[in-house]
Amino acid sequence: MPLILETKSLCKSFDGVIAADNINVAIEQSELIGVIGANGAGKTTFVNMITGYLKPSNGKIIYNGEDITGFPPRVITRKGISRSFQIPQLFEELTVLDNMIVAQTIKNKIFVDPLLPFKNMRKVEIAKDVLKKFNLLRYLDEIVTKLPQGIKKLLDIAMAVVGEPKLLLLDEPTSGVAIEEKFELMDIVMSGIKDTGAAILFIEHDMDIIEKYSEKVLAFYDGRIIAQGYTSDVLNNEQVKKFVIGFEIGKEEIN
Amino acid sequence: MNILVILLDGLVYSSWLFIVSTGLTLIYGVMRILNMAHGSMYAIGAYTAATIVGIYFNHGFVPWGSYFFFISGAMFAGIIAGLLIERGILRIMYGSDEVIMILVTYAILLILEDVIKFIWGVEGYFAYQPYTYLGRSHIFGISFTNYDLYLIIVAAIIGVILWLWLNKTRFGKLLIAVINDQEISVAMGINVTKVYIITFAIGCMLGALAGGLTAPGISIVPGMGIQIIIVAFAVVVIGGLGSIGGALIGSLLVGMARAFAVHLFPQIELFVIYGVMALVLAIRPHGLFVRAKVRKI
Amino acid sequence: MDKKTHMILLCCLLLILIGNFIFPKWLTFLFNISLAKAFIVLGLVILMRVGLVSFGQGLYYCIGGYVAGICQKFFGINDFFMILLIGIFISLIVSFLLGLLLCNYRDIFFAMFTLAFSMILYGIIVKTETLGSTDGFNVKLPTYFTISSSFATGKFLILLITILIAYFVIIYIRKFFNSELGYISLSTKENEIRVEYLGISPKIVIFINYSLAAILATVGGALTAFVSGHVDPDMAYWTTSGEFVFVALLGGTMHVIAPFIASILFEFIHMYAYDISPNTWQIILGSILLLIIIFLPRGLWSIGEIFRKKEVKDASNS
């Protein structure tokens with residue numbers, strides 16, 4: 001299967017603090033990959049580098065055969081990589097519908113029109129279709145700032161999906177959501193994305209979700225990848241058990 | 001032109017700028033408020049000083065005694081004004097956007113401009129006696145007023161006192177904590193309200209002190225506040241908002257630039273300060289001594 | 001905009017136009033000046049919609065006025081359209097250069113930086129003797145495609161052209177607010193990071209809005225110069241920009257007509273306040289500003305919102 005994303009010796013340091021060290025991954029088209037690791041292990045830094053928010057200190061990022069290292073997020077998005085955020089990045093004072101139409105409008109053209117009306121029938125229909133897939137249709141005219149966290153996270157992902165990405169990065173899609181609702185949310189997310197054929201990378205702390213939804217897993221620790229491969233292999237890896245799951249289980253015990 | 005003259009002239013102006021701008025940068029550093037009413041504090045200090053000087057010399061007291069009265073009088077006026085503003089209006093708006101706070105203090109500046117006219121009238125005031133009393137000196141072939149030269153020493157003293165206060169006293173260290181990270185300071189139990197009140201009062205006191213010290217050498221007229229605030233801004237922005245060391249460097253930069261302009265290129269005198277500010281911001285977007293923070297997502 | 005509002009707008013503008021022959025001269029002057037200054041305020045509203053407050057629109061206001069004056073005085077150019085074109089051209093160059101720099105700043109820094117540039121222009125003009133220094137100089141009424149006119153007709157013509165420009169500006173800026181770029185500007189204010197991640201540079205969005213505001217301020221400056229017959233460097237002094245910010249807050253950012261109504265209101269308040277006492281004008285200005293910030297942060301227009309919501313509620317109840 002052809003590679004959609006490759007990173008070679010990717011590194012990032014901030015004033016001497018090494019946030020990511022020698023990251024090498026190879027992701028194939030349409031793969032479903034879980035990313036695990038304790039807080040501060042480098043997962044979000046990794047996503048930030050791939051999507052162009054941070055410039056790597058060293059190394060290369062190759063997407064679909066093209067070197068995209070150092071490109072800004074807006075360029076990378078247009079090439080087909082989209083992401084969702086740990087803390088939903090939405091247009092809080094606009095409605096859910098408007099948020100989706102903004103995403104569509106920008107996707108359609110880079111030179112947005114200063115006179116052409118923002119909303120039209122077609123855009124609204126397309127927006128409604130996507131919102132339906134994510135069970136968000138009833139929130140259509142709600143102002144985002146009033147929505148509960150779980151709904152905001154779904155909207156955040158729905159907006160990323162509008163761009164018809166070939167690689168979708170989800171940063172902790174279920175964080176901030178009540179434990180009882182996590183699986184339901186992931187079911188909605190997966191069904192919303194499943195027809196797109198996109199490769200999906202999602203950062204997650206809940207091992208049950210990782211086990212259920214991912215084909216492969218990347219395990220981070222201290223800025224490095226300590227294991228990558230099929231889910232069951234990685235989750236049974238000694239190092240992973242010690243440095244990642246150990247922490248996760250610890251957290252669950254406290255809960 | 002003798003370069004030493006320019007340097008000394010620059011130093012005089014820099015000292016004045018430093019005294020004017022420390023209060024402003026202190027208030028911003030601790031409270032994240034760019035206090036436009038600082039200009040009014042300067043004016044209030046100047047008018048108070050002038051009034052005191054007038055009364056003092058009308059009674060025919062010894063000239064050397066006047067300094068204590070008009071300087072402390074100006075400082076006292078600043079503290080009172082500061083407390084009134086902070087408790088009266090500012091505390092209602094705490095937590096608002098920084099730009100909103102500028103608009104609030106701008107409104108206060110406007111109001112105080114007319115209040116000053118109401119109290120002191122529209123005619124100019126003069127308080128020259130303390131200024132001329134100290135005589136003149138001939139340095140590098142030019143005549144300097146000793147009062148202006150002593151201002152350099154006063155600025156240095158104020159700088160040292162501030163440094164000692166911030167770095168060596170308990171309250172000063174609390175201030176530095178709040179300047180560095182307000183959220184954690186609150187979490188650690190620092191009484192931020194008390195800190196705000198004291199900081200604002202002292203910041204205003206410093207502004208009024210600047211006005212009081214300057215009063216003897218100028219004609220005190222309405223509109224002083226409006227003219228001075230933008231000069232103070234420029235200095236504070238150049239040095240980095242919230243940094244007193246920055247205010248020092250900013251004052252030196254602007255003071256020297258202006259001295260060179262006045263002596264060598266008089267045409268650019270008026271806007272050299274903004275030119276310097278534009279230049280500094282273009283290279284160091286947050287001023288010389290403040291680091292930009294990358295937003296975490 | 002809906003037919004009702006459009007009709008009201010046309011009626012008001014027509015009334016002001018006809019008023020040239022009916023109203024007392026000071027009233028027509030007031031309307032004309034308010035409409036002219038409203039352009040700068042509209043530019044501020046455009047900037048506020050993209051999340052920025054400028055304390056330096058006076059820069060372009062001043063450029064507009066002085067270009068008008070300089071064209072007349074030094075180059076013998078009297079044609080209104082020629083002058084406007086030259087003014088806009090110069091402002092575009094300035095706003096292009098400054099915009100490149102300014103689009104990297106936000107909040108306080110943007111506000112102070114714009115203030116600085118405006119003060120730089122102030123300083124330059126004050127030190128330039130040929131431009132009259134602090135006194136400024138007079139500006140005559142312009143000609144229109146070589147048609148010159150008597151003083152009275154000239155006064156009418158400048159009012160007419162102000163109203164015409166105002167009308168088309170209102171129509172098109174309203175379209176702009178509801179356009180793709182208009183909504184993306186709002187989005188940029190809400191969340192620049194998301195806009196970037198969706199595929200557009202928020203800095204370029206800001207740059208475009210900044211240039212648009214600059215052009216509007218230039219037009220306003222030129223019109224003001226013609227109506228008042230005078231330009232002086234105070235146009236670039238920071239308190240002038242501060243007054244424009246005040247009017248923008250007074251009207252709010254909710255509707256394209258708000259700046260125009262607020263501007264007229266402002267000129268009335270100014271006139272009556274000065275009549276009572278010139279030394280209490282700033283207290284009034286400052287107090288109203290505080291009241292707006294504390295109680296009506298969305299401007300006077302939000303009062304209308306409260307009534308409209310009530311109408312909708314009543315309608316749904318009956």
# chains A, B, ... in the order shown; residues from 1 in each chain; ligands from 1
>>> closest_atom_pairs(of="chain A", to="chain B", cutoff="8 Å", atoms="only C-alpha atoms", output="tab-separated table")
residue	atom	partner	partner_atom	distance
A:Phe85	CA	B:Ile297	CA	7.1
A:Gln86	CA	B:Ile297	CA	7.3
A:Ile87	CA	B:Ile297	CA	7.2
>>> closest_atom_pairs(of="stretch 38-151 of chain B", to="stretch 261-278 of chain C", cutoff="12 Å", atoms="only C-alpha atoms", output="tab-separated table")
residue	atom	partner	partner_atom	distance
B:Asp114	CA	C:Pro278	CA	9.4
B:Lys117	CA	C:Pro278	CA	10.7
B:Phe118	CA	C:Ser277	CA	11.3
B:Val122	CA	C:Pro278	CA	11.2
>>> write_last_selection(atoms="C-alpha atoms", output="compact mmCIF listing (two decimals), in the first residue's frame")
# COMPACT_ATOMS: atom_id res chain seq x y z
CA ASP B 114 -11.58 68.86 32.14
CA LYS B 117 -9.42 72.77 34.06
CA PHE B 118 -12.26 72.97 36.55
CA VAL B 122 -7.34 77.45 31.89
>>> interface_residues(of="chain B", to="chain C", cutoff="6 Å", atoms="only C-alpha atoms", output="list in words")
Val99, Ala107, Leu110, Ile111, Asp114, Gln267, Leu270, Phe271 and Tyr274 of chain B
>>> closest_atom_pairs(of="chain C", to="chain A", cutoff="12 Å", atoms="only C-alpha atoms", output="tab-separated table")
residue	atom	partner	partner_atom	distance
C:Arg49	CA	A:Glu93	CA	12.0
C:Ile171	CA	A:Leu115	CA	10.7
C:Tyr172	CA	A:Leu115	CA	7.7
C:Ile173	CA	A:Leu115	CA	8.6
C:Arg174	CA	A:Leu115	CA	9.0
C:Lys175	CA	A:Leu115	CA	5.6
C:Phe176	CA	A:Leu115	CA	5.2
C:Phe177	CA	A:Pro114	CA	8.3
C:Asn178	CA	A:Pro117	CA	5.8
C:Ser179	CA	A:Pro117	CA	4.3
C:Glu180	CA	A:Phe118	CA	4.2
C:Leu181	CA	A:Pro114	CA	4.8
C:Gly182	CA	A:Pro114	CA	6.6
C:Tyr183	CA	A:Phe118	CA	6.8
C:Ile184	CA	A:Val102	CA	6.6
C:Ser185	CA	A:Pro114	CA	10.2
C:Leu186	CA	A:Phe91	CA	8.5
C:Ser187	CA	A:Phe91	CA	5.9
C:Thr188	CA	A:Phe91	CA	8.4
C:Lys189	CA	A:Phe91	CA	8.5
C:Glu190	CA	A:Phe91	CA	5.2
C:Asn191	CA	A:Phe91	CA	5.9
C:Glu192	CA	A:Phe91	CA	9.2
C:Ile193	CA	A:Gln89	CA	7.5
C:Arg194	CA	A:Gln89	CA	5.9
C:Val195	CA	A:Arg74	CA	8.2
C:Glu196	CA	A:Arg74	CA	5.1
C:Tyr197	CA	A:Arg74	CA	5.2
C:Leu198	CA	A:Ala103	CA	6.1
C:Gly199	CA	A:Arg74	CA	3.8
C:Ile200	CA	A:Arg74	CA	5.7
C:Ser201	CA	A:Arg74	CA	6.8
C:Pro202	CA	A:Arg74	CA	9.7
C:Lys203	CA	A:Arg74	CA	11.7
C:Ile204	CA	A:Phe111	CA	10.6
C:Val205	CA	A:Val112	CA	9.8
C:Ile208	CA	A:Pro114	CA	10.1
C:Asn209	CA	A:Pro114	CA	10.4
C:Leu212	CA	A:Pro114	CA	11.1
>>> write_last_selection(atoms="C-alpha atoms", output="short mmCIF file (atom, residue, chain, number, x, y, z; two decimals), in the first residue's frame")
data_model
loop_
_atom_site.label_atom_id
_atom_site.label_comp_id
_atom_site.auth_asym_id
_atom_site.auth_seq_id
_atom_site.Cartn_x
_atom_site.Cartn_y
_atom_site.Cartn_z
CA ARG C 49 -15.06 43.11 12.82
CA ILE C 171 -24.93 49.28 -0.09
CA TYR C 172 -21.62 47.70 -0.99
CA ILE C 173 -20.11 47.46 2.48
CA ARG C 174 -23.32 45.77 3.61
CA LYS C 175 -22.80 43.25 0.81
CA PHE C 176 -19.22 42.94 1.99
CA PHE C 177 -20.31 42.19 5.56
CA ASN C 178 -22.57 39.40 4.27
CA SER C 179 -20.06 38.15 1.73
CA GLU C 180 -17.65 35.25 1.89
CA LEU C 181 -14.82 37.61 2.82
CA GLY C 182 -17.04 39.37 5.32
CA TYR C 183 -17.76 36.19 7.24
CA ILE C 184 -14.19 35.03 7.03
CA SER C 185 -13.16 38.37 8.50
CA LEU C 186 -15.50 37.69 11.42
CA SER C 187 -14.05 34.21 11.70
CA THR C 188 -10.56 35.66 11.80
CA LYS C 189 -11.58 37.74 14.78
CA GLU C 190 -13.02 34.66 16.48
CA ASN C 191 -10.20 32.23 15.84
CA GLU C 192 -7.19 32.97 13.66
CA ILE C 193 -5.69 29.55 14.20
CA ARG C 194 -8.75 27.81 12.80
CA VAL C 195 -8.83 30.11 9.80
CA GLU C 196 -5.19 29.27 9.11
CA TYR C 197 -5.90 25.57 9.48
CA LEU C 198 -8.86 25.78 7.12
CA GLY C 199 -6.59 27.11 4.40
CA ILE C 200 -6.44 30.93 4.44
CA SER C 201 -3.87 33.30 5.87
CA PRO C 202 -5.47 35.37 8.65
CA LYS C 203 -2.80 38.00 8.12
CA ILE C 204 -3.93 38.53 4.54
CA VAL C 205 -7.53 38.81 5.70
CA ILE C 208 -7.30 43.46 3.11
CA ASN C 209 -9.58 44.85 5.80
CA LEU C 212 -10.30 48.91 2.91
#
>>> closest_residue(among="B:Ala46, B:Leu175, B:Tyr56, B:His138", to="B:Val192", atoms="only C-alpha atoms")
B:Leu175
>>> atom_distance(atom1="atom CA of B:Met256", atom2="atom CA of B:Leu8")
8.9 Å
>>> residues_around(residues="B:Val5", least_positions_apart="4", cutoff="10 Å", atoms="only C-alpha atoms", output="VMD selection string")
chain B and resid 1 9 to 11 139 to 144 259 to 260 263
>>> select_by_dssp(residues="stretch 27-100 of chain B", states="alpha helix (DSSP H)", output="ChimeraX atom specification")
/B:27-31,38-58,66-85,91-93,98-100
>>> write_last_selection(atoms="N, CA and C atoms", output="compact mmCIF listing (two decimals), in the first residue's frame")
# COMPACT_ATOMS: atom_id res chain seq x y z
N ILE B 27 2.47 49.64 36.18
CA ILE B 27 1.05 49.31 36.20
C ILE B 27 0.72 48.27 35.13
N TYR B 28 1.31 48.42 33.95
CA TYR B 28 1.03 47.43 32.92
C TYR B 28 1.58 46.07 33.31
N GLY B 29 2.78 46.06 33.82
CA GLY B 29 3.41 44.79 34.15
C GLY B 29 2.59 43.98 35.14
N VAL B 30 2.06 44.66 36.15
CA VAL B 30 1.34 43.95 37.20
C VAL B 30 -0.12 43.72 36.83
N MET B 31 -0.75 44.75 36.26
CA MET B 31 -2.20 44.68 36.06
C MET B 31 -2.61 44.49 34.61
N HIS B 38 -2.47 57.97 33.01
CA HIS B 38 -1.15 58.30 33.53
C HIS B 38 -0.78 59.73 33.14
N GLY B 39 -1.22 60.14 31.95
CA GLY B 39 -0.98 61.51 31.51
C GLY B 39 -1.62 62.50 32.46
N SER B 40 -2.82 62.17 32.93
CA SER B 40 -3.50 63.06 33.87
C SER B 40 -2.77 63.12 35.20
N MET B 41 -2.19 61.98 35.59
CA MET B 41 -1.44 61.96 36.85
C MET B 41 -0.27 62.93 36.77
N TYR B 42 0.40 62.90 35.64
CA TYR B 42 1.51 63.82 35.38
C TYR B 42 1.02 65.26 35.52
N ALA B 43 -0.12 65.54 34.86
CA ALA B 43 -0.66 66.90 34.91
C ALA B 43 -1.05 67.28 36.33
N ILE B 44 -1.73 66.38 37.02
CA ILE B 44 -2.15 66.66 38.40
C ILE B 44 -0.93 66.93 39.28
N GLY B 45 0.09 66.14 39.09
CA GLY B 45 1.32 66.34 39.85
C GLY B 45 1.90 67.72 39.58
N ALA B 46 1.92 68.10 38.30
CA ALA B 46 2.50 69.39 37.93
C ALA B 46 1.70 70.54 38.51
N TYR B 47 0.38 70.47 38.35
CA TYR B 47 -0.48 71.54 38.86
C TYR B 47 -0.39 71.65 40.38
N THR B 48 -0.41 70.49 41.05
CA THR B 48 -0.30 70.50 42.51
C THR B 48 1.00 71.15 42.95
N ALA B 49 2.08 70.71 42.29
CA ALA B 49 3.39 71.27 42.62
C ALA B 49 3.39 72.78 42.42
N ALA B 50 2.82 73.22 41.30
CA ALA B 50 2.80 74.65 41.00
C ALA B 50 2.03 75.41 42.06
N THR B 51 0.90 74.85 42.46
CA THR B 51 0.08 75.51 43.48
C THR B 51 0.86 75.63 44.80
N ILE B 52 1.49 74.53 45.18
CA ILE B 52 2.25 74.53 46.43
C ILE B 52 3.40 75.52 46.37
N VAL B 53 4.11 75.52 45.24
CA VAL B 53 5.22 76.46 45.07
C VAL B 53 4.71 77.89 45.20
N GLY B 54 3.52 78.13 44.56
CA GLY B 54 2.96 79.47 44.63
C GLY B 54 2.69 79.90 46.06
N ILE B 55 1.99 79.01 46.78
CA ILE B 55 1.66 79.33 48.17
C ILE B 55 2.93 79.50 48.99
N TYR B 56 3.86 78.58 48.80
CA TYR B 56 5.09 78.58 49.58
C TYR B 56 5.86 79.89 49.42
N PHE B 57 6.07 80.27 48.18
CA PHE B 57 6.87 81.47 47.96
C PHE B 57 6.13 82.75 48.27
N ASN B 58 4.79 82.68 48.23
CA ASN B 58 4.04 83.86 48.64
C ASN B 58 4.23 84.15 50.12
N SER B 66 11.33 74.53 49.79
CA SER B 66 10.19 74.29 48.90
C SER B 66 10.20 72.89 48.31
N TYR B 67 11.42 72.38 48.05
CA TYR B 67 11.50 71.10 47.34
C TYR B 67 10.74 70.00 48.04
N PHE B 68 10.93 69.91 49.34
CA PHE B 68 10.23 68.86 50.08
C PHE B 68 8.73 68.97 49.87
N PHE B 69 8.21 70.19 50.00
CA PHE B 69 6.76 70.36 49.96
C PHE B 69 6.13 70.09 48.61
N PHE B 70 6.74 70.68 47.56
CA PHE B 70 6.03 70.51 46.29
C PHE B 70 6.20 69.10 45.72
N ILE B 71 7.35 68.51 46.04
CA ILE B 71 7.54 67.13 45.54
C ILE B 71 6.64 66.16 46.29
N SER B 72 6.64 66.25 47.59
CA SER B 72 5.79 65.32 48.34
C SER B 72 4.32 65.62 48.09
N GLY B 73 4.01 66.91 47.90
CA GLY B 73 2.63 67.28 47.59
C GLY B 73 2.17 66.63 46.31
N ALA B 74 3.02 66.67 45.28
CA ALA B 74 2.68 66.06 44.00
C ALA B 74 2.47 64.55 44.18
N MET B 75 3.39 63.92 44.92
CA MET B 75 3.27 62.47 45.12
C MET B 75 1.97 62.13 45.85
N PHE B 76 1.66 62.93 46.85
CA PHE B 76 0.45 62.69 47.62
C PHE B 76 -0.79 62.81 46.72
N ALA B 77 -0.81 63.86 45.89
CA ALA B 77 -1.93 64.05 44.97
C ALA B 77 -2.07 62.84 44.05
N GLY B 78 -0.95 62.31 43.61
CA GLY B 78 -0.97 61.16 42.72
C GLY B 78 -1.56 59.94 43.40
N ILE B 79 -1.16 59.73 44.66
CA ILE B 79 -1.68 58.56 45.38
C ILE B 79 -3.19 58.66 45.55
N ILE B 80 -3.65 59.85 45.97
CA ILE B 80 -5.09 60.03 46.16
C ILE B 80 -5.85 59.81 44.85
N ALA B 81 -5.37 60.46 43.79
CA ALA B 81 -6.03 60.31 42.49
C ALA B 81 -6.05 58.85 42.07
N GLY B 82 -4.92 58.19 42.23
CA GLY B 82 -4.81 56.79 41.84
C GLY B 82 -5.81 55.92 42.60
N LEU B 83 -5.89 56.12 43.91
CA LEU B 83 -6.82 55.32 44.71
C LEU B 83 -8.26 55.56 44.27
N LEU B 84 -8.59 56.84 44.04
CA LEU B 84 -9.96 57.15 43.62
C LEU B 84 -10.31 56.46 42.31
N ILE B 85 -9.38 56.53 41.35
CA ILE B 85 -9.65 55.91 40.04
C ILE B 85 -9.76 54.40 40.17
N ARG B 91 -11.88 48.90 39.17
CA ARG B 91 -12.14 47.57 39.70
C ARG B 91 -13.42 46.98 39.13
N ILE B 92 -14.31 47.84 38.61
CA ILE B 92 -15.53 47.35 37.97
C ILE B 92 -15.18 46.60 36.69
N MET B 93 -14.07 47.03 36.06
CA MET B 93 -13.77 46.52 34.73
C MET B 93 -12.70 45.43 34.71
N GLU B 98 -7.71 43.73 27.17
CA GLU B 98 -6.71 44.79 27.35
C GLU B 98 -7.06 46.05 26.58
N VAL B 99 -7.60 45.89 25.38
CA VAL B 99 -7.92 47.08 24.58
C VAL B 99 -9.09 47.83 25.21
N ILE B 100 -10.05 47.08 25.77
CA ILE B 100 -11.16 47.73 26.47
C ILE B 100 -10.62 48.57 27.62
>>> residues_around(residues="C:Phe151", least_positions_apart="3", cutoff="8 Å", atoms="only C-alpha atoms", output="ChimeraX atom specification")
/C:141,154-155
>>> residues_around(residues="A:Leu185", least_positions_apart="6", cutoff="12 Å", atoms="only C-alpha atoms", output="ChimeraX atom specification")
/A:133-136,149-155,157,172-179,191-192,209,213
>>> write_last_selection(atoms="C-alpha atoms", output="PDB file, in the first residue's frame")
ATOM      1  CA  LYS A 133     -23.333  12.308   9.614  1.00  0.00           C
ATOM      2  CA  PHE A 134     -22.008  13.647  12.913  1.00  0.00           C
ATOM      3  CA  ASN A 135     -25.426  13.764  14.623  1.00  0.00           C
ATOM      4  CA  LEU A 136     -25.162  17.538  14.862  1.00  0.00           C
ATOM      5  CA  GLN A 149     -17.961  20.200  25.164  1.00  0.00           C
ATOM      6  CA  GLY A 150     -18.783  16.885  23.448  1.00  0.00           C
ATOM      7  CA  ILE A 151     -20.761  18.664  20.739  1.00  0.00           C
ATOM      8  CA  LYS A 152     -17.976  21.180  20.238  1.00  0.00           C
ATOM      9  CA  LYS A 153     -15.475  18.372  19.750  1.00  0.00           C
ATOM     10  CA  LEU A 154     -17.716  16.753  17.142  1.00  0.00           C
ATOM     11  CA  LEU A 155     -18.096  20.065  15.327  1.00  0.00           C
ATOM     12  CA  ILE A 157     -13.877  17.220  13.712  1.00  0.00           C
ATOM     13  CA  GLU A 172      -7.669  13.597  21.809  1.00  0.00           C
ATOM     14  CA  PRO A 173     -11.159  13.502  20.288  1.00  0.00           C
ATOM     15  CA  THR A 174     -12.736  12.193  23.475  1.00  0.00           C
ATOM     16  CA  SER A 175     -10.929  14.317  26.040  1.00  0.00           C
ATOM     17  CA  GLY A 176     -13.216  16.430  28.159  1.00  0.00           C
ATOM     18  CA  VAL A 177     -16.080  14.098  27.350  1.00  0.00           C
ATOM     19  CA  ALA A 178     -17.716  12.005  30.103  1.00  0.00           C
ATOM     20  CA  ILE A 179     -16.515   8.382  30.228  1.00  0.00           C
ATOM     21  CA  SER A 191     -19.092   6.622  10.943  1.00  0.00           C
ATOM     22  CA  GLY A 192     -18.793  10.259   9.908  1.00  0.00           C
ATOM     23  CA  ILE A 209     -10.838   3.081  22.691  1.00  0.00           C
ATOM     24  CA  TYR A 213     -10.775   1.528  16.925  1.00  0.00           C
TER      25      TYR A 213
END
>>> residues_around(residues="stretch 26-40 of chain A", least_positions_apart="2", cutoff="9 Å", atoms="only C-alpha atoms", output="VMD selection string")
chain A and resid 1 to 8 19 24 42 to 45 166 to 167 196 to 207 209 to 211 213 to 223 230 to 231 240 243 to 245 247 to 248
>>> atom_distance(atom1="atom CA of C:His255", atom2="atom CA of C:Gly58")
22.5 Å
>>> residues_around(residues="stretch 145-147 of chain B", least_positions_apart="4", cutoff="12 Å", atoms="only C-alpha atoms", output="PDB file with C-alpha atoms, in the first residue's frame")
ATOM      1  CA  LEU B   8      24.479  65.411  28.317  1.00  0.00           C
ATOM      2  CA  ASP B   9      21.368  66.958  26.880  1.00  0.00           C
ATOM      3  CA  VAL B  12      18.809  65.046  30.936  1.00  0.00           C
ATOM      4  CA  TRP B  16      12.949  62.902  32.615  1.00  0.00           C
ATOM      5  CA  TYR B  67      11.504  71.102  47.337  1.00  0.00           C
ATOM      6  CA  TYR B 128       9.975  78.765  38.317  1.00  0.00           C
ATOM      7  CA  GLN B 129      11.468  79.609  41.685  1.00  0.00           C
ATOM      8  CA  PRO B 130      12.768  76.153  42.614  1.00  0.00           C
ATOM      9  CA  TYR B 131      14.078  75.837  39.070  1.00  0.00           C
ATOM     10  CA  THR B 132      16.147  79.000  38.993  1.00  0.00           C
ATOM     11  CA  TYR B 133      17.178  78.888  42.621  1.00  0.00           C
ATOM     12  CA  LEU B 134      19.767  76.194  42.003  1.00  0.00           C
ATOM     13  CA  GLY B 135      21.612  78.249  39.460  1.00  0.00           C
ATOM     14  CA  ARG B 136      23.389  77.255  36.294  1.00  0.00           C
ATOM     15  CA  SER B 137      26.588  75.504  35.314  1.00  0.00           C
ATOM     16  CA  HIS B 138      28.857  75.837  32.348  1.00  0.00           C
ATOM     17  CA  ILE B 139      29.662  72.437  30.950  1.00  0.00           C
ATOM     18  CA  LEU B 151      17.179  65.422  37.662  1.00  0.00           C
ATOM     19  CA  ILE B 152      19.656  62.864  36.357  1.00  0.00           C
ATOM     20  CA  ILE B 153      20.588  62.004  39.920  1.00  0.00           C
ATOM     21  CA  VAL B 154      16.931  61.939  40.971  1.00  0.00           C
ATOM     22  CA  LEU B 213       9.526  67.429  39.286  1.00  0.00           C
ATOM     23  CA  THR B 214       9.041  68.839  35.811  1.00  0.00           C
ATOM     24  CA  ALA B 215       6.689  71.646  36.844  1.00  0.00           C
ATOM     25  CA  PRO B 216       9.280  74.235  37.841  1.00  0.00           C
ATOM     26  CA  GLY B 217      10.928  74.113  34.457  1.00  0.00           C
TER      27      GLY B 217
END
>>> closest_residue(among="B:Ile102, B:Leu162, B:Ile249, B:Ile6", to="B:Gly203", atoms="only C-alpha atoms")
B:Leu162
